[in-house]
Amino acid sequence: MASQYNDIKFEIKGQIGIIKFNRPKNLNSFGGTLIPDVIAALRELNEHPNTVFTVLTGEGRFFSAGADVRGVASSIEPKEFKNKGDKKLSYLGNFTYALELLRSMIDHRKVLILALNGPGVGGGAAWFPGIADIVLASSTAYLQCPFSALGLVPENGSALSFAQHIGIHRANDFLMFGRKLSAQELLDAGLYNYVWDKTGDEFHAEVVKFLEGQLEVNDGKSMMEMKRLQNVGIRDQRMMAVVNAIDALAERFVEDAPVKRFAEKKRLMEEKSKMRAKI
C-alpha cells in the first residue's frame, strides 16, 4: 500500500531519495505528522531496491526550528500523577517516537545525507547532524541548541554524537551553553562536509547535482558497504546514548524543570504574535 505523507515532500530522483520537511510556515517544527511521516519515508527508502542516497532536507528558509514550543508548553501543563513512578512512565511514553526516529536513521542502510537548507534549532540542530553520514549545508545553516535554557538535556544521543564529530570540548560549549554556531564554524570544526553559498531551490539543485556526480564515479553498493562497516562498531553505542538521553529528559520533566521555562517562552511568543497583529 502506497504511503500518504502530509507534512513532508517525498520523491525519488534516480538513485536519490529525498525527504523534505514541509511545514515552512512553522519553520518545519516537529508538529503535525512530520515525525511519523519521516519515519515512514525512511522505512520506504531503506527497502527501496535502487536508491543509494537518502536526503533529509527542509522546505523554506529553515531546516527545522525543532519542537513546536506552543504545543510542548500545552502538553506539560501541571497534571495529577499517583506518584513519581507514574509520572516518569507518562513522560517516557511521550518520547517513544524519538527512539524510533533515531533508530530508523542509525540503522538506515542507505547513505544518509543531511542537506541543511537553513538553520536548525533545538531538535532540528541536535537530532540529525551527528547521525548523518554526510552533511551538506547552505551558508545560512547555523545550529543552536538552547536545551539548558529550557531546563532540558541534549536530546536523542546528541551528547555522544556531537562529541564523536567535533570533540568533547566543542560539544560541551555547543550543548551546555547553547551557543549559536555558524555554518563556517561547523565546517571548520568538521561537522559539515561542504558549505555552499546557496539557498532555496538553488541549494537543493546543488545537492542533487553533487550526489549525481558521486554516483557517476563511485559504485553505490561500495558506498553503502562503507557505511555498514563503519556502523558495526558504533551502532549499539549510539542507540544506548539515545536511550540514556530519553531517560534523562524524562527525569527533568519529573522534576518539573522545563515547565516554567516553556510557559515563559510560550508567553513571550504569544506577546510577539499580538504585537505583529497590531501592526
# chains A, B, ... in the order shown; residues from 1 in each chain; ligands from 1
>>> residues_around(residues="Lys180 (chain A)", least_positions_apart="6", cutoff="12 Å", atoms="only C-alpha atoms", output="list in words")
Pro119, Gly120, Val121, Gly122, Ala125, Ala141, Tyr142, Leu143, Gln144, Cys145, Pro146, Arg170, Ala171, Asp173, Phe174 and Leu186 of chain A
>>> select_by_dssp(residues="region 9-182 of chain A", states="strand (DSSP E or B)", output="PDB file with N, CA, C and O atoms, in the first residue's frame")
ATOM      1  N   LYS A   9       7.576  16.337   1.862  1.00  0.00           N
ATOM      2  CA  LYS A   9       7.553  16.045   0.433  1.00  0.00           C
ATOM      3  C   LYS A   9       8.501  14.870   0.212  1.00  0.00           C
ATOM      4  O   LYS A   9       9.603  14.836   0.758  1.00  0.00           O
ATOM      5  N   PHE A  10       8.061  13.910  -0.589  1.00  0.00           N
ATOM      6  CA  PHE A  10       8.834  12.692  -0.810  1.00  0.00           C
ATOM      7  C   PHE A  10       8.964  12.456  -2.308  1.00  0.00           C
ATOM      8  O   PHE A  10       7.973  12.458  -3.026  1.00  0.00           O
ATOM      9  N   GLU A  11      10.199  12.280  -2.744  1.00  0.00           N
ATOM     10  CA  GLU A  11      10.402  11.972  -4.164  1.00  0.00           C
ATOM     11  C   GLU A  11      11.672  11.168  -4.352  1.00  0.00           C
ATOM     12  O   GLU A  11      12.567  11.165  -3.496  1.00  0.00           O
ATOM     13  N   ILE A  12      11.734  10.481  -5.475  1.00  0.00           N
ATOM     14  CA  ILE A  12      12.915   9.699  -5.834  1.00  0.00           C
ATOM     15  C   ILE A  12      13.405  10.183  -7.190  1.00  0.00           C
ATOM     16  O   ILE A  12      12.641  10.205  -8.158  1.00  0.00           O
ATOM     17  N   LYS A  13      14.662  10.594  -7.227  1.00  0.00           N
ATOM     18  CA  LYS A  13      15.298  11.031  -8.469  1.00  0.00           C
ATOM     19  C   LYS A  13      16.419  10.058  -8.785  1.00  0.00           C
ATOM     20  O   LYS A  13      17.509  10.157  -8.229  1.00  0.00           O
ATOM     21  N   ILE A  16      18.511   8.632  -5.890  1.00  0.00           N
ATOM     22  CA  ILE A  16      18.472   9.562  -4.758  1.00  0.00           C
ATOM     23  C   ILE A  16      17.038   9.681  -4.243  1.00  0.00           C
ATOM     24  O   ILE A  16      16.132  10.095  -4.979  1.00  0.00           O
ATOM     25  N   GLY A  17      16.821   9.313  -2.993  1.00  0.00           N
ATOM     26  CA  GLY A  17      15.538   9.501  -2.346  1.00  0.00           C
ATOM     27  C   GLY A  17      15.583  10.774  -1.513  1.00  0.00           C
ATOM     28  O   GLY A  17      16.561  11.009  -0.800  1.00  0.00           O
ATOM     29  N   ILE A  18      14.557  11.597  -1.615  1.00  0.00           N
ATOM     30  CA  ILE A  18      14.555  12.897  -0.940  1.00  0.00           C
ATOM     31  C   ILE A  18      13.350  13.001  -0.005  1.00  0.00           C
ATOM     32  O   ILE A  18      12.206  12.823  -0.423  1.00  0.00           O
ATOM     33  N   ILE A  19      13.642  13.287   1.266  1.00  0.00           N
ATOM     34  CA  ILE A  19      12.623  13.541   2.286  1.00  0.00           C
ATOM     35  C   ILE A  19      12.757  15.001   2.686  1.00  0.00           C
ATOM     36  O   ILE A  19      13.789  15.416   3.226  1.00  0.00           O
ATOM     37  N   LYS A  20      11.734  15.785   2.408  1.00  0.00           N
ATOM     38  CA  LYS A  20      11.808  17.230   2.662  1.00  0.00           C
ATOM     39  C   LYS A  20      10.747  17.637   3.686  1.00  0.00           C
ATOM     40  O   LYS A  20       9.548  17.470   3.442  1.00  0.00           O
ATOM     41  N   PHE A  21      11.187  18.151   4.845  1.00  0.00           N
ATOM     42  CA  PHE A  21      10.235  18.677   5.821  1.00  0.00           C
ATOM     43  C   PHE A  21       9.399  19.760   5.138  1.00  0.00           C
ATOM     44  O   PHE A  21       9.946  20.638   4.473  1.00  0.00           O
ATOM     45  N   PHE A  53      21.388   6.999  -2.045  1.00  0.00           N
ATOM     46  CA  PHE A  53      21.387   8.125  -1.111  1.00  0.00           C
ATOM     47  C   PHE A  53      19.976   8.418  -0.610  1.00  0.00           C
ATOM     48  O   PHE A  53      19.019   8.400  -1.393  1.00  0.00           O
ATOM     49  N   THR A  54      19.880   8.701   0.684  1.00  0.00           N
ATOM     50  CA  THR A  54      18.644   9.235   1.266  1.00  0.00           C
ATOM     51  C   THR A  54      18.957  10.627   1.783  1.00  0.00           C
ATOM     52  O   THR A  54      19.849  10.796   2.619  1.00  0.00           O
ATOM     53  N   VAL A  55      18.233  11.620   1.289  1.00  0.00           N
ATOM     54  CA  VAL A  55      18.479  13.020   1.642  1.00  0.00           C
ATOM     55  C   VAL A  55      17.385  13.509   2.580  1.00  0.00           C
ATOM     56  O   VAL A  55      16.196  13.378   2.297  1.00  0.00           O
ATOM     57  N   LEU A  56      17.798  14.090   3.711  1.00  0.00           N
ATOM     58  CA  LEU A  56      16.889  14.787   4.618  1.00  0.00           C
ATOM     59  C   LEU A  56      17.131  16.280   4.465  1.00  0.00           C
ATOM     60  O   LEU A  56      18.266  16.746   4.622  1.00  0.00           O
ATOM     61  N   THR A  57      16.079  17.036   4.169  1.00  0.00           N
ATOM     62  CA  THR A  57      16.231  18.476   3.987  1.00  0.00           C
ATOM     63  C   THR A  57      14.917  19.160   4.357  1.00  0.00           C
ATOM     64  O   THR A  57      14.008  18.518   4.875  1.00  0.00           O
ATOM     65  N   GLY A  58      14.841  20.472   4.141  1.00  0.00           N
ATOM     66  CA  GLY A  58      13.642  21.211   4.519  1.00  0.00           C
ATOM     67  C   GLY A  58      13.179  22.169   3.438  1.00  0.00           C
ATOM     68  O   GLY A  58      13.969  22.617   2.602  1.00  0.00           O
ATOM     69  N   SER A  64      14.861  23.231  10.387  1.00  0.00           N
ATOM     70  CA  SER A  64      13.843  22.942  11.383  1.00  0.00           C
ATOM     71  C   SER A  64      14.101  23.743  12.648  1.00  0.00           C
ATOM     72  O   SER A  64      15.235  23.827  13.120  1.00  0.00           O
ATOM     73  N   VAL A 111      23.039   5.551   2.261  1.00  0.00           N
ATOM     74  CA  VAL A 111      23.918   6.639   2.728  1.00  0.00           C
ATOM     75  C   VAL A 111      23.027   7.830   3.070  1.00  0.00           C
ATOM     76  O   VAL A 111      22.339   8.380   2.198  1.00  0.00           O
ATOM     77  N   LEU A 112      23.031   8.219   4.337  1.00  0.00           N
ATOM     78  CA  LEU A 112      22.123   9.256   4.822  1.00  0.00           C
ATOM     79  C   LEU A 112      22.769  10.627   4.682  1.00  0.00           C
ATOM     80  O   LEU A 112      23.777  10.925   5.329  1.00  0.00           O
ATOM     81  N   ILE A 113      22.184  11.447   3.835  1.00  0.00           N
ATOM     82  CA  ILE A 113      22.689  12.788   3.544  1.00  0.00           C
ATOM     83  C   ILE A 113      21.810  13.811   4.256  1.00  0.00           C
ATOM     84  O   ILE A 113      20.596  13.850   4.031  1.00  0.00           O
ATOM     85  N   LEU A 114      22.389  14.629   5.115  1.00  0.00           N
ATOM     86  CA  LEU A 114      21.663  15.742   5.704  1.00  0.00           C
ATOM     87  C   LEU A 114      21.971  16.978   4.876  1.00  0.00           C
ATOM     88  O   LEU A 114      23.132  17.392   4.771  1.00  0.00           O
ATOM     89  N   ALA A 115      20.949  17.565   4.262  1.00  0.00           N
ATOM     90  CA  ALA A 115      21.116  18.753   3.424  1.00  0.00           C
ATOM     91  C   ALA A 115      20.457  19.926   4.142  1.00  0.00           C
ATOM     92  O   ALA A 115      19.244  20.148   4.021  1.00  0.00           O
ATOM     93  N   LEU A 116      21.243  20.652   4.907  1.00  0.00           N
ATOM     94  CA  LEU A 116      20.727  21.737   5.734  1.00  0.00           C
ATOM     95  C   LEU A 116      20.506  22.971   4.872  1.00  0.00           C
ATOM     96  O   LEU A 116      21.425  23.739   4.598  1.00  0.00           O
ATOM     97  N   GLY A 120      19.086  25.207  11.932  1.00  0.00           N
ATOM     98  CA  GLY A 120      18.473  24.187  12.765  1.00  0.00           C
ATOM     99  C   GLY A 120      18.564  24.635  14.212  1.00  0.00           C
ATOM    100  O   GLY A 120      19.617  25.097  14.660  1.00  0.00           O
ATOM    101  N   VAL A 121      17.456  24.514  14.944  1.00  0.00           N
ATOM    102  CA  VAL A 121      17.418  24.935  16.340  1.00  0.00           C
ATOM    103  C   VAL A 121      16.825  23.803  17.180  1.00  0.00           C
ATOM    104  O   VAL A 121      15.903  23.113  16.738  1.00  0.00           O
ATOM    105  N   ILE A 134      26.827  12.122   5.738  1.00  0.00           N
ATOM    106  CA  ILE A 134      27.413  13.283   5.079  1.00  0.00           C
ATOM    107  C   ILE A 134      26.514  14.483   5.361  1.00  0.00           C
ATOM    108  O   ILE A 134      25.288  14.360   5.293  1.00  0.00           O
ATOM    109  N   VAL A 135      27.115  15.639   5.673  1.00  0.00           N
ATOM    110  CA  VAL A 135      26.323  16.844   5.928  1.00  0.00           C
ATOM    111  C   VAL A 135      26.686  17.915   4.905  1.00  0.00           C
ATOM    112  O   VAL A 135      27.840  18.354   4.825  1.00  0.00           O
ATOM    113  N   LEU A 136      25.685  18.305   4.113  1.00  0.00           N
ATOM    114  CA  LEU A 136      25.814  19.381   3.132  1.00  0.00           C
ATOM    115  C   LEU A 136      24.999  20.558   3.657  1.00  0.00           C
ATOM    116  O   LEU A 136      23.898  20.367   4.163  1.00  0.00           O
ATOM    117  N   ALA A 137      25.517  21.782   3.538  1.00  0.00           N
ATOM    118  CA  ALA A 137      24.831  22.899   4.180  1.00  0.00           C
ATOM    119  C   ALA A 137      24.865  24.168   3.355  1.00  0.00           C
ATOM    120  O   ALA A 137      25.836  24.449   2.651  1.00  0.00           O
ATOM    121  N   SER A 138      23.785  24.919   3.477  1.00  0.00           N
ATOM    122  CA  SER A 138      23.757  26.298   2.979  1.00  0.00           C
ATOM    123  C   SER A 138      24.574  27.163   3.928  1.00  0.00           C
ATOM    124  O   SER A 138      24.699  26.861   5.120  1.00  0.00           O
ATOM    125  N   LEU A 143      23.480  26.408  13.612  1.00  0.00           N
ATOM    126  CA  LEU A 143      22.844  25.477  14.538  1.00  0.00           C
ATOM    127  C   LEU A 143      22.871  26.060  15.946  1.00  0.00           C
ATOM    128  O   LEU A 143      23.840  26.718  16.334  1.00  0.00           O
ATOM    129  N   GLN A 144      21.810  25.802  16.717  1.00  0.00           N
ATOM    130  CA  GLN A 144      21.762  26.248  18.108  1.00  0.00           C
ATOM    131  C   GLN A 144      20.857  25.313  18.901  1.00  0.00           C
ATOM    132  O   GLN A 144      19.773  24.948  18.440  1.00  0.00           O
ATOM    133  N   LEU A 181      26.305  28.344  16.460  1.00  0.00           N
ATOM    134  CA  LEU A 181      27.486  28.122  15.632  1.00  0.00           C
ATOM    135  C   LEU A 181      27.121  28.339  14.168  1.00  0.00           C
ATOM    136  O   LEU A 181      26.140  27.785  13.676  1.00  0.00           O
TER     137      LEU A 181
END
>>> closest_residue(among="A:Asp188, A:Glu100, A:Glu212, A:Asp201", to="Gly60 (chain A)", atoms="only C-alpha atoms")
A:Asp201
>>> residues_around(residues="Arg109 (chain A)", least_positions_apart="5", cutoff="8 Å", atoms="only C-alpha atoms", output="list of chain:residue names")
A:Asn46, A:Met224, A:Lys227, A:Arg228
>>> write_last_selection(atoms="C-alpha atoms", output="compact mmCIF listing (two decimals), in the first residue's frame")
# COMPACT_ATOMS: atom_id res chain seq x y z
CA ASN A 46 15.51 1.61 3.41
CA MET A 224 26.71 1.59 1.28
CA LYS A 227 28.61 2.84 5.89
CA ARG A 228 27.80 -0.67 7.10
>>> residues_around(residues="Asn231 (chain A)", least_positions_apart="2", cutoff="12 Å", atoms="only C-alpha atoms", output="ChimeraX atom specification")
/A:105-111,131-133,224-229,233-239
>>> write_last_selection(atoms="N, CA and C atoms", output="short mmCIF file (atom, residue, chain, number, x, y, z; two decimals), in the first residue's frame")
data_model
loop_
_atom_site.label_atom_id
_atom_site.label_comp_id
_atom_site.auth_asym_id
_atom_site.auth_seq_id
_atom_site.Cartn_x
_atom_site.Cartn_y
_atom_site.Cartn_z
N MET A 105 17.21 6.15 11.60
CA MET A 105 18.37 6.79 10.96
C MET A 105 19.65 6.00 11.21
N ILE A 106 19.85 5.56 12.45
CA ILE A 106 21.07 4.82 12.79
C ILE A 106 21.17 3.51 12.01
N ASP A 107 20.03 2.82 11.85
CA ASP A 107 20.01 1.53 11.15
C ASP A 107 19.75 1.65 9.65
N HIS A 108 19.60 2.86 9.15
CA HIS A 108 19.29 3.06 7.73
C HIS A 108 20.41 2.51 6.85
N ARG A 109 20.07 1.67 5.89
CA ARG A 109 21.08 1.01 5.07
C ARG A 109 21.67 1.91 4.00
N LYS A 110 20.90 2.91 3.57
CA LYS A 110 21.38 3.80 2.52
C LYS A 110 22.29 4.87 3.11
N VAL A 111 23.04 5.55 2.26
CA VAL A 111 23.92 6.64 2.73
C VAL A 111 23.03 7.83 3.07
N ILE A 131 24.16 11.99 13.34
CA ILE A 131 23.80 10.66 12.85
C ILE A 131 23.99 10.55 11.33
N ALA A 132 23.86 11.66 10.62
CA ALA A 132 24.01 11.64 9.16
C ALA A 132 25.40 11.17 8.75
N ASP A 133 25.48 10.55 7.57
CA ASP A 133 26.77 10.09 7.06
C ASP A 133 27.54 11.22 6.39
N MET A 224 27.58 2.11 0.24
CA MET A 224 26.71 1.59 1.28
C MET A 224 27.45 0.60 2.17
N GLU A 225 28.36 -0.17 1.60
CA GLU A 225 29.17 -1.10 2.39
C GLU A 225 30.11 -0.34 3.32
N MET A 226 30.66 0.78 2.86
CA MET A 226 31.49 1.62 3.71
C MET A 226 30.70 2.02 4.95
N LYS A 227 29.47 2.46 4.76
CA LYS A 227 28.61 2.84 5.89
C LYS A 227 28.39 1.66 6.83
N ARG A 228 28.07 0.50 6.27
CA ARG A 228 27.80 -0.67 7.10
C ARG A 228 29.00 -1.03 7.96
N LEU A 229 30.17 -1.03 7.35
CA LEU A 229 31.38 -1.40 8.08
C LEU A 229 31.68 -0.40 9.20
N GLY A 233 30.69 -0.88 14.51
CA GLY A 233 31.36 -0.60 15.78
C GLY A 233 30.69 0.46 16.64
N ILE A 234 29.77 1.23 16.08
CA ILE A 234 29.21 2.35 16.84
C ILE A 234 27.69 2.29 16.98
N ARG A 235 27.06 1.32 16.32
CA ARG A 235 25.59 1.28 16.31
C ARG A 235 25.01 1.14 17.72
N ASP A 236 25.44 0.14 18.49
CA ASP A 236 24.88 -0.08 19.81
C ASP A 236 25.20 1.07 20.76
N GLN A 237 26.39 1.63 20.60
CA GLN A 237 26.79 2.77 21.42
C GLN A 237 25.85 3.95 21.20
N ARG A 238 25.53 4.22 19.95
CA ARG A 238 24.65 5.35 19.63
C ARG A 238 23.22 5.08 20.10
N MET A 239 22.74 3.85 19.94
CA MET A 239 21.40 3.53 20.41
C MET A 239 21.31 3.65 21.93
#
>>> atom_distance(atom1="CA of Leu160 (chain A)", atom2="CA of Phe177 (chain A)")
16.1 Å
>>> residues_around(residues="Ala248 (chain A)", least_positions_apart="6", cutoff="12 Å", atoms="only C-alpha atoms", output="PyMOL selection string")
chain A and resi 88+91-92+95+151-157+159+241-242+254-255+257
>>> write_last_selection(atoms="N, CA, C and O atoms", output="CSV table (one decimal), in the first residue's frame")
chain,number,residue,atom,x,y,z
A,88,LYS,N,7.0,9.4,35.8
A,88,LYS,CA,8.1,9.1,34.9
A,88,LYS,C,7.6,8.2,33.7
A,88,LYS,O,8.0,8.5,32.5
A,91,TYR,N,5.9,10.4,31.0
A,91,TYR,CA,6.8,11.2,30.2
A,91,TYR,C,7.6,10.3,29.2
A,91,TYR,O,7.9,10.6,28.1
A,92,LEU,N,8.0,9.1,29.7
A,92,LEU,CA,8.8,8.2,28.9
A,92,LEU,C,7.9,7.8,27.7
A,92,LEU,O,8.4,7.7,26.5
A,95,PHE,N,8.0,10.1,24.7
A,95,PHE,CA,9.3,10.2,23.9
A,95,PHE,C,9.6,8.9,23.0
A,95,PHE,O,10.6,8.9,22.5
A,151,GLY,N,15.7,24.1,30.6
A,151,GLY,CA,15.7,23.1,31.7
A,151,GLY,C,15.7,21.7,31.1
A,151,GLY,O,15.2,20.7,31.8
A,152,LEU,N,16.2,21.5,29.9
A,152,LEU,CA,16.2,20.2,29.3
A,152,LEU,C,17.6,19.6,29.3
A,152,LEU,O,18.5,20.1,30.0
A,153,VAL,N,17.8,18.5,28.5
A,153,VAL,CA,19.1,17.9,28.3
A,153,VAL,C,19.4,17.7,26.8
A,153,VAL,O,18.4,17.8,26.0
A,154,PRO,N,20.6,17.5,26.4
A,154,PRO,CA,20.9,17.3,25.0
A,154,PRO,C,20.1,16.0,24.6
A,154,PRO,O,20.2,15.0,25.2
A,155,GLU,N,19.3,16.2,23.5
A,155,GLU,CA,18.3,15.1,23.2
A,155,GLU,C,18.9,14.1,22.3
A,155,GLU,O,19.8,14.3,21.4
A,156,ASN,N,18.3,12.9,22.4
A,156,ASN,CA,18.4,11.8,21.5
A,156,ASN,C,19.9,11.4,21.1
A,156,ASN,O,20.2,11.1,20.0
A,157,GLY,N,20.7,11.3,22.2
A,157,GLY,CA,22.1,10.9,22.0
A,157,GLY,C,23.0,11.9,21.4
A,157,GLY,O,24.2,11.6,21.1
A,159,ALA,N,24.6,14.3,22.8
A,159,ALA,CA,25.8,14.5,23.7
A,159,ALA,C,27.0,13.6,23.2
A,159,ALA,O,28.1,14.0,23.1
A,241,ALA,N,23.1,5.6,23.7
A,241,ALA,CA,23.1,7.1,24.0
A,241,ALA,C,21.7,7.7,23.9
A,241,ALA,O,21.3,8.6,24.6
A,242,VAL,N,20.9,7.2,22.9
A,242,VAL,CA,19.5,7.7,22.7
A,242,VAL,C,18.7,7.3,23.9
A,242,VAL,O,17.9,8.1,24.5
A,254,VAL,N,10.0,15.0,35.3
A,254,VAL,CA,9.6,14.5,36.6
A,254,VAL,C,9.9,15.6,37.7
A,254,VAL,O,9.1,15.9,38.6
A,255,GLU,N,11.0,16.3,37.5
A,255,GLU,CA,11.4,17.3,38.4
A,255,GLU,C,10.7,18.7,38.1
A,255,GLU,O,10.9,19.7,38.8
A,257,ALA,N,11.4,20.7,35.9
A,257,ALA,CA,12.3,21.8,35.5
A,257,ALA,C,11.9,22.6,34.3
A,257,ALA,O,12.1,23.8,34.2
>>> residues_around(residues="Asp7 (chain A)", least_positions_apart="3", cutoff="12 Å", atoms="only C-alpha atoms", output="JSON, numbers by chain")
{"A": [4, 10, 19, 20, 21, 22, 23, 24, 25, 26, 27, 28, 29, 30, 31, 32, 33, 34, 35, 36, 37, 38, 39, 40, 41, 58, 59]}
